[in-house]
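Text of target08.cif (mmCIF, C-alpha atoms (C1' of nucleotides)) as supplied:
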```
data_query
#
loop_
_atom_site.group_PDB
_atom_site.id
_atom_site.type_symbol
_atom_site.label_atom_id
_atom_site.label_comp_id
_atom_site.auth_asym_id
_atom_site.auth_seq_id
_atom_site.Cartn_x
_atom_site.Cartn_y
_atom_site.Cartn_z
ATOM 1 C CA MET O 372 51.272 -10.755 41.448
ATOM 2 C CA LYS O 373 50.375 -10.462 45.077
ATOM 3 C CA LYS O 374 47.839 -7.720 44.660
ATOM 4 C CA SER O 375 44.418 -7.360 46.285
ATOM 5 C CA LYS O 376 45.260 -9.595 49.171
ATOM 6 C CA ARG O 377 42.741 -8.591 51.780
ATOM 7 C CA CYS O 378 40.479 -6.870 49.317
ATOM 8 C CA VAL O 379 39.730 -9.619 46.902
ATOM 9 C CA ASN O 380 36.048 -9.599 46.226
ATOM 10 C CA VAL O 381 36.133 -6.223 44.557
ATOM 11 C CA LYS O 382 35.060 -7.461 41.165
ATOM 12 C CA ILE O 383 34.739 -4.277 39.242
ATOM 13 C CA PRO O 384 35.604 -4.564 35.564
ATOM 14 C CA SER O 385 37.001 -1.120 36.024
ATOM 15 C CA LYS O 386 38.861 -0.109 32.948
ATOM 16 C CA THR O 387 36.611 -1.885 30.536
ATOM 17 C CA LYS O 388 33.607 0.240 31.317
ATOM 18 C CA LEU O 389 35.401 3.508 31.701
ATOM 19 C CA LYS O 390 37.277 3.001 28.481
ATOM 20 C CA LYS O 391 34.221 2.503 26.358
ATOM 21 C CA ARG O 392 32.324 5.272 27.989
ATOM 22 C CA PRO O 393 32.216 8.611 26.172
ATOM 23 C CA LEU O 394 34.182 11.389 27.776
ATOM 24 C CA LEU O 395 32.655 12.756 30.923
ATOM 25 C CA SER O 396 30.721 15.911 30.245
ATOM 26 C CA PRO O 397 31.318 18.825 32.577
ATOM 27 C CA VAL O 398 27.922 18.100 34.098
ATOM 28 C CA GLU O 399 28.624 14.432 34.727
ATOM 29 C CA ALA O 400 32.005 15.348 36.122
ATOM 30 C CA GLY O 401 30.311 17.861 38.368
ATOM 31 C CA GLY O 402 28.112 15.170 39.841
ATOM 32 C CA LEU O 403 31.067 12.958 40.580
ATOM 33 C CA GLN O 404 32.986 15.858 41.967
ATOM 34 C CA ALA O 405 30.254 16.551 44.479
ATOM 35 C CA MET O 406 30.334 12.945 45.631
ATOM 36 C CA PHE O 407 34.094 12.905 46.070
ATOM 37 C CA LYS O 408 34.162 16.306 47.738
ATOM 38 C CA VAL O 409 32.096 14.882 50.554
ATOM 39 C CA LEU O 410 34.726 12.251 51.173
ATOM 40 C CA ALA O 411 37.678 14.551 50.684
ATOM 41 C CA ASN O 412 37.853 15.587 54.291
ATOM 42 C CA ASP O 413 39.413 14.080 57.329
ATOM 43 C CA THR O 414 36.637 14.976 59.747
ATOM 44 C CA ARG O 415 33.797 13.899 57.499
ATOM 45 C CA LEU O 416 35.476 10.588 56.790
ATOM 46 C CA ARG O 417 35.722 9.822 60.475
ATOM 47 C CA LEU O 418 32.163 10.951 61.099
ATOM 48 C CA LEU O 419 30.888 8.787 58.308
ATOM 49 C CA HIS O 420 32.864 5.803 59.438
ATOM 50 C CA SER O 421 31.561 6.234 62.969
ATOM 51 C CA LEU O 422 28.046 6.255 61.607
ATOM 52 C CA VAL O 423 28.644 3.206 59.444
ATOM 53 C CA ARG O 424 29.786 1.400 62.564
ATOM 54 C CA SER O 425 27.074 2.563 64.923
ATOM 55 C CA GLU O 426 24.122 3.265 62.649
ATOM 56 C CA GLU O 427 22.988 6.258 64.678
ATOM 57 C CA LEU O 428 24.836 8.739 66.898
ATOM 58 C CA CYS O 429 24.192 12.195 68.318
ATOM 59 C CA VAL O 430 26.363 15.273 68.104
ATOM 60 C CA SER O 431 27.836 15.031 71.565
ATOM 61 C CA GLU O 432 28.730 11.369 71.162
ATOM 62 C CA LEU O 433 30.468 12.102 67.889
ATOM 63 C CA SER O 434 32.109 15.119 69.422
ATOM 64 C CA LYS O 435 33.650 12.975 72.144
ATOM 65 C CA THR O 436 34.587 10.196 69.777
ATOM 66 C CA LEU O 437 36.466 12.448 67.404
ATOM 67 C CA GLY O 438 37.811 14.725 70.097
ATOM 68 C CA MET O 439 36.457 17.836 68.459
ATOM 69 C CA LYS O 440 34.159 20.678 69.511
ATOM 70 C CA PRO O 441 30.437 20.143 69.049
ATOM 71 C CA GLN O 442 30.194 23.136 66.758
ATOM 72 C CA ALA O 443 32.715 21.704 64.356
ATOM 73 C CA ILE O 444 30.907 18.371 64.377
ATOM 74 C CA SER O 445 27.539 20.012 63.917
ATOM 75 C CA ASN O 446 28.869 22.022 60.998
ATOM 76 C CA GLN O 447 29.877 18.909 59.137
ATOM 77 C CA LEU O 448 26.799 16.919 60.077
ATOM 78 C CA GLN O 449 24.653 19.659 58.714
ATOM 79 C CA ARG O 450 26.619 19.888 55.528
ATOM 80 C CA LEU O 451 26.191 16.161 55.107
ATOM 81 C CA SER O 452 22.478 16.487 55.784
ATOM 82 C CA ASP O 453 22.119 19.247 53.222
ATOM 83 C CA LEU O 454 23.649 16.887 50.689
ATOM 84 C CA ARG O 455 21.197 14.135 51.618
ATOM 85 C CA ILE O 456 23.965 11.966 52.936
ATOM 86 C CA LEU O 457 22.557 11.932 56.472
ATOM 87 C CA VAL O 458 19.217 12.416 58.136
ATOM 88 C CA ALA O 459 18.583 13.740 61.613
ATOM 89 C CA ARG O 460 16.130 12.658 64.279
ATOM 90 C CA ARG O 461 15.527 14.464 67.544
ATOM 91 C CA ASP O 462 15.157 12.542 70.782
ATOM 92 C CA GLY O 463 14.813 14.904 73.709
ATOM 93 C CA ASN O 464 17.809 17.152 73.866
ATOM 94 C CA ASN O 465 19.807 15.027 71.504
ATOM 95 C CA ILE O 466 19.772 14.942 67.754
ATOM 96 C CA TYR O 467 20.725 11.646 66.198
ATOM 97 C CA TYR O 468 22.183 11.331 62.747
ATOM 98 C CA ARG O 469 22.387 8.349 60.461
ATOM 99 C CA ILE O 470 23.515 7.655 56.923
ATOM 100 C CA VAL O 471 20.916 7.363 54.198
ATOM 101 C CA ASN O 472 23.034 7.694 51.087
ATOM 102 C CA GLU O 473 24.083 4.273 49.886
ATOM 103 C CA CYS O 474 27.072 5.452 47.907
ATOM 104 C CA ILE O 475 29.128 6.354 50.913
ATOM 105 C CA ALA O 476 29.891 2.988 52.446
ATOM 106 C CA PRO O 477 30.931 1.220 49.248
ATOM 107 C CA LEU O 478 33.163 4.070 48.176
ATOM 108 C CA LEU O 479 34.721 4.342 51.580
ATOM 109 C CA ASN O 480 35.297 0.645 51.669
ATOM 110 C CA LEU O 481 36.843 0.390 48.238
ATOM 111 C CA ALA O 482 39.097 3.364 48.843
ATOM 112 C CA LEU O 483 40.262 1.880 52.105
ATOM 113 C CA CYS O 484 41.051 -1.427 50.442
ATOM 114 C CA LEU O 485 42.928 0.249 47.650
ATOM 115 C CA THR O 486 44.986 2.519 49.828
ATOM 116 C CA GLU O 487 45.835 -0.306 52.157
ATOM 117 C CA ALA O 488 46.906 -2.456 49.247
ATOM 118 C CA GLU O 489 49.762 0.007 48.871
ATOM 119 C CA CYS O 490 48.196 1.708 45.969
ATOM 120 C CA ARG O 491 51.167 3.895 45.333
ATOM 121 C CA ASP O 492 54.342 1.970 45.915
ATOM 122 C CA ASN O 493 54.486 -1.205 43.792
ATOM 123 C CA MET G 303 14.354 -3.384 44.111
ATOM 124 C CA LYS G 304 15.705 -2.305 40.776
ATOM 125 C CA LYS G 305 19.036 -1.207 42.051
ATOM 126 C CA SER G 306 22.464 -1.652 40.468
ATOM 127 C CA LYS G 307 21.059 -2.244 37.037
ATOM 128 C CA ARG G 308 24.009 -1.518 34.839
ATOM 129 C CA CYS G 309 26.504 -1.822 37.642
ATOM 130 C CA VAL G 310 25.856 -5.256 38.877
ATOM 131 C CA ASN G 311 29.134 -6.943 39.378
ATOM 132 C CA VAL G 312 30.188 -4.608 42.143
ATOM 133 C CA LYS G 313 30.467 -7.230 44.806
ATOM 134 C CA ILE G 314 31.866 -5.329 47.722
ATOM 135 C CA PRO G 315 30.741 -6.551 51.126
ATOM 136 C CA SER G 316 30.860 -2.926 52.021
ATOM 137 C CA LYS G 317 29.278 -2.448 55.380
ATOM 138 C CA THR G 318 30.494 -5.668 56.849
ATOM 139 C CA LYS G 319 34.113 -4.738 56.672
ATOM 140 C CA LEU G 320 33.735 -1.139 57.632
ATOM 141 C CA LYS G 321 31.564 -2.019 60.570
ATOM 142 C CA LYS G 322 34.059 -4.330 62.174
ATOM 143 C CA ARG G 323 36.947 -2.072 61.516
ATOM 144 C CA PRO G 324 38.155 0.128 64.387
ATOM 145 C CA LEU G 325 37.467 3.798 63.995
ATOM 146 C CA LEU G 326 39.638 5.519 61.465
ATOM 147 C CA SER G 327 42.546 7.286 63.088
ATOM 148 C CA PRO G 328 43.233 10.831 61.983
ATOM 149 C CA VAL G 329 46.225 9.490 60.077
ATOM 150 C CA GLU G 330 44.275 6.815 58.245
ATOM 151 C CA ALA G 331 41.581 9.342 57.491
ATOM 152 C CA GLY G 332 44.245 11.676 56.187
ATOM 153 C CA GLY G 333 45.405 9.072 53.708
ATOM 154 C CA LEU G 334 41.914 8.522 52.421
ATOM 155 C CA GLN G 335 41.301 12.220 52.295
ATOM 156 C CA ALA G 336 44.286 12.710 50.016
ATOM 157 C CA MET G 337 42.966 10.047 47.663
ATOM 158 C CA PHE G 338 39.500 11.566 47.491
ATOM 159 C CA LYS G 339 40.801 15.116 47.143
ATOM 160 C CA VAL G 340 42.394 14.134 43.869
ATOM 161 C CA LEU G 341 39.031 13.057 42.537
ATOM 162 C CA ALA G 342 37.099 15.937 44.022
ATOM 163 C CA ASN G 343 37.543 18.168 41.047
ATOM 164 C CA ASP G 344 35.745 18.548 37.790
ATOM 165 C CA THR G 345 38.809 19.152 35.638
ATOM 166 C CA ARG G 346 40.908 16.401 37.158
ATOM 167 C CA LEU G 347 38.071 13.907 36.765
ATOM 168 C CA ARG G 348 37.802 14.656 33.079
ATOM 169 C CA LEU G 349 41.552 14.539 32.629
ATOM 170 C CA LEU G 350 41.763 11.209 34.366
ATOM 171 C CA HIS G 351 38.888 9.783 32.415
ATOM 172 C CA SER G 352 40.483 10.928 29.165
ATOM 173 C CA LEU G 353 43.652 9.160 30.178
ATOM 174 C CA VAL G 354 41.819 6.000 31.158
ATOM 175 C CA ARG G 355 40.282 5.974 27.708
ATOM 176 C CA SER G 356 43.384 6.794 25.711
ATOM 177 C CA GLU G 357 46.243 5.518 27.854
ATOM 178 C CA GLU G 358 48.533 8.389 26.940
ATOM 179 C CA LEU G 359 47.878 11.981 25.872
ATOM 180 C CA CYS G 360 49.833 15.211 25.707
ATOM 181 C CA VAL G 361 48.960 18.586 27.145
ATOM 182 C CA SER G 362 47.719 20.139 23.932
ATOM 183 C CA GLU G 363 45.507 17.184 23.118
ATOM 184 C CA LEU G 364 43.975 17.289 26.561
ATOM 185 C CA SER G 365 43.670 21.031 26.311
ATOM 186 C CA LYS G 366 41.629 20.733 23.137
ATOM 187 C CA THR G 367 39.579 17.850 24.443
ATOM 188 C CA LEU G 368 38.532 19.648 27.592
ATOM 189 C CA GLY G 369 38.298 23.059 25.995
ATOM 190 C CA MET G 370 40.606 24.648 28.511
ATOM 191 C CA LYS G 371 43.856 26.603 28.335
ATOM 192 C CA PRO G 372 47.080 24.603 28.248
ATOM 193 C CA GLN G 373 48.288 26.282 31.439
ATOM 194 C CA ALA G 374 45.277 25.139 33.375
ATOM 195 C CA ILE G 375 45.688 21.620 32.065
ATOM 196 C CA SER G 376 49.393 21.603 32.804
ATOM 197 C CA ASN G 377 48.725 22.806 36.340
ATOM 198 C CA GLN G 378 46.513 19.839 37.060
ATOM 199 C CA LEU G 379 48.679 17.325 35.250
ATOM 200 C CA GLN G 380 51.600 18.395 37.324
ATOM 201 C CA ARG G 381 49.672 18.194 40.544
ATOM 202 C CA LEU G 382 48.647 14.696 39.588
ATOM 203 C CA SER G 383 52.248 13.837 38.785
ATOM 204 C CA ASP G 384 53.442 15.160 42.124
ATOM 205 C CA LEU G 385 50.987 12.808 43.765
ATOM 206 C CA ARG G 386 52.289 9.880 41.748
ATOM 207 C CA ILE G 387 48.996 9.497 39.965
ATOM 208 C CA LEU G 388 50.512 10.205 36.561
ATOM 209 C CA VAL G 389 53.908 9.984 34.913
ATOM 210 C CA ALA G 390 55.200 12.110 32.076
ATOM 211 C CA ARG G 391 57.240 11.224 29.024
ATOM 212 C CA ARG G 392 58.649 13.676 26.555
ATOM 213 C CA ASP G 393 58.477 13.040 22.816
ATOM 214 C CA GLY G 394 59.845 15.954 20.858
ATOM 215 C CA ASN G 395 57.928 19.054 21.720
ATOM 216 C CA ASN G 396 55.144 17.164 23.365
ATOM 217 C CA ILE G 397 54.926 15.747 26.837
ATOM 218 C CA TYR G 398 52.722 12.735 27.231
ATOM 219 C CA TYR G 399 51.037 11.757 30.450
ATOM 220 C CA ARG G 400 49.608 8.470 31.583
ATOM 221 C CA ILE G 401 48.075 7.041 34.702
ATOM 222 C CA VAL G 402 50.206 4.867 36.941
ATOM 223 C CA ASN G 403 48.153 4.822 40.123
ATOM 224 C CA GLU G 404 45.833 1.853 40.108
ATOM 225 C CA CYS G 405 43.368 3.240 42.592
ATOM 226 C CA ILE G 406 41.994 5.846 40.267
ATOM 227 C CA ALA G 407 40.160 3.793 37.694
ATOM 228 C CA PRO G 408 38.314 1.499 40.133
ATOM 229 C CA LEU G 409 37.224 4.387 42.308
ATOM 230 C CA LEU G 410 36.113 6.416 39.340
ATOM 231 C CA ASN G 411 34.221 3.482 37.979
ATOM 232 C CA LEU G 412 32.466 2.617 41.203
ATOM 233 C CA ALA G 413 31.513 6.215 41.864
ATOM 234 C CA LEU G 414 30.113 6.539 38.383
ATOM 235 C CA CYS G 415 28.049 3.399 38.805
ATOM 236 C CA LEU G 416 26.738 4.528 42.132
ATOM 237 C CA THR G 417 25.811 8.013 41.046
ATOM 238 C CA GLU G 418 24.154 6.738 37.914
ATOM 239 C CA ALA G 419 22.129 4.249 39.907
ATOM 240 C CA GLU G 420 20.372 7.287 41.320
ATOM 241 C CA CYS G 421 22.306 7.188 44.473
ATOM 242 C CA ARG G 422 20.317 9.942 46.080
ATOM 243 C CA ASP G 423 16.709 9.691 45.098
ATOM 244 C CA ASN G 424 15.525 6.096 45.561
ATOM 245 C "C1'" DT X 1062 9.744 30.500 85.413
ATOM 246 C "C1'" DC X 1063 14.499 29.434 85.782
ATOM 247 C "C1'" DA X 1064 18.654 26.837 85.332
ATOM 248 C "C1'" DT X 1065 20.865 23.415 82.647
ATOM 249 C "C1'" DT X 1066 22.136 20.725 78.704
ATOM 250 C "C1'" DA X 1067 22.330 19.880 73.663
ATOM 251 C "C1'" DT X 1068 22.490 21.717 69.367
ATOM 252 C "C1'" DT X 1069 22.479 25.189 65.959
ATOM 253 C "C1'" DA X 1070 23.062 30.044 63.781
ATOM 254 C "C1'" DC X 1071 26.183 33.355 62.480
ATOM 255 C "C1'" DA X 1072 30.184 36.099 61.554
ATOM 256 C "C1'" DC X 1073 34.992 35.868 61.193
ATOM 257 C "C1'" DG X 1074 39.563 34.527 59.454
ATOM 258 C "C1'" DA X 1075 43.550 31.609 58.087
ATOM 259 C "C1'" DG X 1076 44.545 28.612 54.506
ATOM 260 C "C1'" DC X 1077 44.025 26.276 50.330
ATOM 261 C "C1'" DT X 1078 42.409 25.903 45.233
ATOM 262 C "C1'" DA X 1079 42.298 26.568 40.521
ATOM 263 C "C1'" DG X 1080 42.297 29.451 36.829
ATOM 264 C "C1'" DT X 1081 44.610 33.717 34.375
ATOM 265 C "C1'" DG X 1082 48.324 36.303 32.195
ATOM 266 C "C1'" DT X 1083 53.051 36.918 31.385
ATOM 267 C "C1'" DA X 1084 57.458 35.202 30.900
ATOM 268 C "C1'" DA X 1085 60.766 31.572 30.682
ATOM 269 C "C1'" DT X 1086 62.355 26.972 28.986
ATOM 270 C "C1'" DA X 1087 62.951 23.144 25.702
ATOM 271 C "C1'" DG X 1088 62.684 21.007 21.348
ATOM 272 C "C1'" DT X 1089 62.209 21.277 16.023
ATOM 273 C "C1'" DG X 1090 63.355 22.709 11.459
ATOM 274 C "C1'" DT X 1091 65.656 26.002 8.351
ATOM 275 C "C1'" DA B 69 71.424 31.614 14.980
ATOM 276 C "C1'" DC B 70 66.505 32.244 14.282
ATOM 277 C "C1'" DA B 71 61.637 31.548 14.234
ATOM 278 C "C1'" DC B 72 58.151 28.603 15.845
ATOM 279 C "C1'" DT B 73 55.578 25.363 18.814
ATOM 280 C "C1'" DA B 74 54.738 22.993 23.219
ATOM 281 C "C1'" DT B 75 54.995 23.144 27.902
ATOM 282 C "C1'" DT B 76 56.113 24.944 32.270
ATOM 283 C "C1'" DA B 77 57.252 28.575 35.983
ATOM 284 C "C1'" DC B 78 55.566 32.195 38.556
ATOM 285 C "C1'" DA B 79 52.871 35.719 40.672
ATOM 286 C "C1'" DC B 80 48.330 37.023 41.385
ATOM 287 C "C1'" DT B 81 43.507 36.661 42.836
ATOM 288 C "C1'" DA B 82 38.541 35.324 43.483
ATOM 289 C "C1'" DG B 83 36.298 31.921 45.844
ATOM 290 C "C1'" DC B 84 35.669 28.214 48.859
ATOM 291 C "C1'" DT B 85 36.591 25.435 53.329
ATOM 292 C "C1'" DC B 86 36.639 24.473 57.998
ATOM 293 C "C1'" DG B 87 37.367 25.419 62.551
ATOM 294 C "C1'" DT B 88 36.555 29.141 66.346
ATOM 295 C "C1'" DG B 89 33.897 32.025 69.465
ATOM 296 C "C1'" DT B 90 29.700 34.076 70.714
ATOM 297 C "C1'" DA B 91 24.945 34.056 70.850
ATOM 298 C "C1'" DA B 92 20.524 32.045 69.945
ATOM 299 C "C1'" DT B 93 17.178 28.094 70.111
ATOM 300 C "C1'" DA B 94 15.026 23.916 71.985
ATOM 301 C "C1'" DA B 95 14.051 20.431 75.335
ATOM 302 C "C1'" DT B 96 14.234 18.910 80.270
ATOM 303 C "C1'" DG B 97 13.482 19.053 85.137
ATOM 304 C "C1'" DA B 98 12.783 21.468 89.544
#
```
Spell out the structure here as C-alpha cells.
Amino acid sequence: MKKSKRCVNVKIPSKTKLKKRPLLSPVEAGGLQAMFKVLANDTRLRLLHSLVRSEELCVSELSKTLGMKPQAISNQLQRLSDLRILVARRDGNNIYYRIVNECIAPLLNLALCLTEAECRDN
Amino acid sequence: MKKSKRCVNVKIPSKTKLKKRPLLSPVEAGGLQAMFKVLANDTRLRLLHSLVRSEELCVSELSKTLGMKPQAISNQLQRLSDLRILVARRDGNNIYYRIVNECIAPLLNLALCLTEAECRDN
DNA sequence: TCATTATTACACGAGCTAGTGTAATAGTGT
DNA sequence: ACACTATTACACTAGCTCGTGTAATAATGA
C-alpha cells in the first residue's frame, strides 16, 4: 500500500461523511457544480495557480505568463470576478486581480495531489 | 473565526504547496481540467454520490432515484466508465455500476465541506 | 488636447454537452 | 420462438463555452 506518498496530510474521512449524507438534492448538486465548473478549464486553472503563487497580478502580466491574448485573459478574469472568486484593484493603467474565495486553493491542491498519485492506474 | 465547523479535519497545507510549485504547464492543467470536468455537472454529481452511498447500483435504480430517464442516466454512466471512473457488471437484465476511481470521493467531500462552510460569503 | 498603453465591451463562430426520441441489443421466463 | 424488461446505440438539437477581432473606455504623460 504505497498510496498517498507525497500527499499524506490529506486527512479527510471522505467516504464516511458522504455515505451517511442524504442524497444530494438538485440544488445542492447545482452549488457543487458551479464550484467545479470554475476549475474545469485549462486557462482558469493556470490563472488561479498563478494568483495563488503571486497573490496579485495584472492582466498583462498574466497574459505574458500564460502566453495568451489579453482579451482571453480578461474574459476569464472577469468571469472569475463575477463568481466572487477574484477581486480587482486598479493601479494606474493596470488592473490587479487576486483570489478571495478560499475554496479554490484547497480544491486545487487536493486535486493535484490525487492526480499525481496516479489516481487512475493502480 | 468560526470557519470549518463541521469540516474540521481537512488538514491540507493548501497554499504552501501550491505556492512553491512551478506554474502549471498546459499539460498538467489539462489533466486537472479533465478531473474537474467530470464533477462539473449536476447529474453526474448526484450519480456519483448515489454510488458512494450504495457502492453498486443499476441503471433503473439510479434512474428512479434521480427522477430522470434511463437513457440520460446511461449516457452519463457510460461517459464515466469511459473515463475509468466507474466499472460495470452485468447481472441478468441489469447492469450494475460502481466507482473505481479514488479521486472522486475525496474531492466531492472536500468541495461539499467548503461550500457548506459558506465559502463565498464570510 | 493628443498619442500611447492597459483593459474591457461586444458580436461572432467553432466546438462541445447533455438530454430526447426511436430503434437496436441482450437477457429472462414461458 | 415469443413476449417482456433492461440497457444501450444513434441521430438530433438547444444551449453553453471560450477564444478571436474590432471597437470602446480609462489612465498617463507630453
Output the residue selection produced by the PyMOL selection byres ((chain X and resi 1073-1081) around 9) on the file above, formatted as a list in words. Gln373, Ala374, Asn377 and Gln378 of chain G; DA1072 and DG1082 of chain X; DC80, DG83, DC84, DT85 and DT88 of chain B
Could you list, as a list of chain:residue names, every residue of chain O that has an atom within 8 Å of an atom of chain X, counting all atoms listed in the file? O:Val430, O:Ser431, O:Ser445, O:Asn464, O:Asn465, O:Ile466
Hits from the PyMOL selection byres ((chain B) within 8 of (chain O)), listed as a list in words: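 In the shown coordinates, the PyMOL selection byres ((chain B) within 8 of (chain O)) covers DC86, DG87, DA94, DA95 and DT96 of chain B.
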Interatomic distance (Å, one decimal) between CA of Glu432 (chain O) and CA of Leu326 (chain G): 15.7 Å
Work out how far apart CA of Arg346 (chain G) and CA of Leu379 (chain G) are and give it in Å to one decimal.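 Taking CA of Arg346 (chain G) and CA of Leu379 (chain G), their separation equals 8.1 Å.
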Filled-in N, CA and C atoms of region 423-443 of chain O, supplied as a JSON list (two decimals), in the coordinates of the input:
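Dumped to selection.json:
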```json
[["chain", "number", "residue", "atom", "x", "y", "z"],
["O", 423, "VAL", "N", 28.76, 4.53, 60.07],
["O", 423, "VAL", "CA", 28.64, 3.21, 59.44],
["O", 423, "VAL", "C", 28.72, 2.14, 60.54],
["O", 424, "ARG", "N", 29.60, 2.37, 61.49],
["O", 424, "ARG", "CA", 29.79, 1.40, 62.56],
["O", 424, "ARG", "C", 28.62, 1.35, 63.53],
["O", 425, "SER", "N", 28.06, 2.51, 63.85],
["O", 425, "SER", "CA", 27.07, 2.56, 64.92],
["O", 425, "SER", "C", 25.65, 2.89, 64.47],
["O", 426, "GLU", "N", 25.46, 2.98, 63.18],
["O", 426, "GLU", "CA", 24.12, 3.26, 62.65],
["O", 426, "GLU", "C", 23.62, 4.67, 62.98],
["O", 427, "GLU", "N", 23.59, 4.98, 64.28],
["O", 427, "GLU", "CA", 22.99, 6.26, 64.68],
["O", 427, "GLU", "C", 23.71, 6.82, 65.89],
["O", 428, "LEU", "N", 24.11, 8.09, 65.80],
["O", 428, "LEU", "CA", 24.84, 8.74, 66.90],
["O", 428, "LEU", "C", 24.42, 10.20, 66.97],
["O", 429, "CYS", "N", 24.54, 10.79, 68.19],
["O", 429, "CYS", "CA", 24.19, 12.20, 68.32],
["O", 429, "CYS", "C", 25.46, 13.05, 68.32],
["O", 430, "VAL", "N", 25.26, 14.33, 68.25],
["O", 430, "VAL", "CA", 26.36, 15.27, 68.10],
["O", 430, "VAL", "C", 27.38, 15.13, 69.22],
["O", 431, "SER", "N", 26.89, 15.06, 70.45],
["O", 431, "SER", "CA", 27.84, 15.03, 71.56],
["O", 431, "SER", "C", 28.63, 13.74, 71.60],
["O", 432, "GLU", "N", 27.99, 12.63, 71.24],
["O", 432, "GLU", "CA", 28.73, 11.37, 71.16],
["O", 432, "GLU", "C", 29.84, 11.47, 70.12],
["O", 433, "LEU", "N", 29.48, 11.96, 68.96],
["O", 433, "LEU", "CA", 30.47, 12.10, 67.89],
["O", 433, "LEU", "C", 31.56, 13.09, 68.28],
["O", 434, "SER", "N", 31.15, 14.12, 68.96],
["O", 434, "SER", "CA", 32.11, 15.12, 69.42],
["O", 434, "SER", "C", 33.17, 14.48, 70.33],
["O", 435, "LYS", "N", 32.70, 13.66, 71.26],
["O", 435, "LYS", "CA", 33.65, 12.98, 72.14],
["O", 435, "LYS", "C", 34.51, 11.99, 71.36],
["O", 436, "THR", "N", 33.87, 11.22, 70.54],
["O", 436, "THR", "CA", 34.59, 10.20, 69.78],
["O", 436, "THR", "C", 35.73, 10.78, 68.95],
["O", 437, "LEU", "N", 35.44, 11.87, 68.27],
["O", 437, "LEU", "CA", 36.47, 12.45, 67.40],
["O", 437, "LEU", "C", 37.38, 13.42, 68.14],
["O", 438, "GLY", "N", 37.00, 13.77, 69.37],
["O", 438, "GLY", "CA", 37.81, 14.72, 70.10],
["O", 438, "GLY", "C", 37.77, 16.11, 69.50],
["O", 439, "MET", "N", 36.60, 16.51, 69.05],
["O", 439, "MET", "CA", 36.46, 17.84, 68.46],
["O", 439, "MET", "C", 35.26, 18.57, 69.07],
["O", 440, "LYS", "N", 35.24, 19.88, 68.94],
["O", 440, "LYS", "CA", 34.16, 20.68, 69.51],
["O", 440, "LYS", "C", 32.84, 20.37, 68.83],
["O", 441, "PRO", "N", 31.76, 20.43, 69.61],
["O", 441, "PRO", "CA", 30.44, 20.14, 69.05],
["O", 441, "PRO", "C", 30.08, 21.02, 67.86],
["O", 442, "GLN", "N", 30.52, 22.27, 67.89],
["O", 442, "GLN", "CA", 30.19, 23.14, 66.76],
["O", 442, "GLN", "C", 30.78, 22.60, 65.45],
["O", 443, "ALA", "N", 32.04, 22.21, 65.55],
["O", 443, "ALA", "CA", 32.72, 21.70, 64.36],
["O", 443, "ALA", "C", 31.99, 20.47, 63.83]]
```
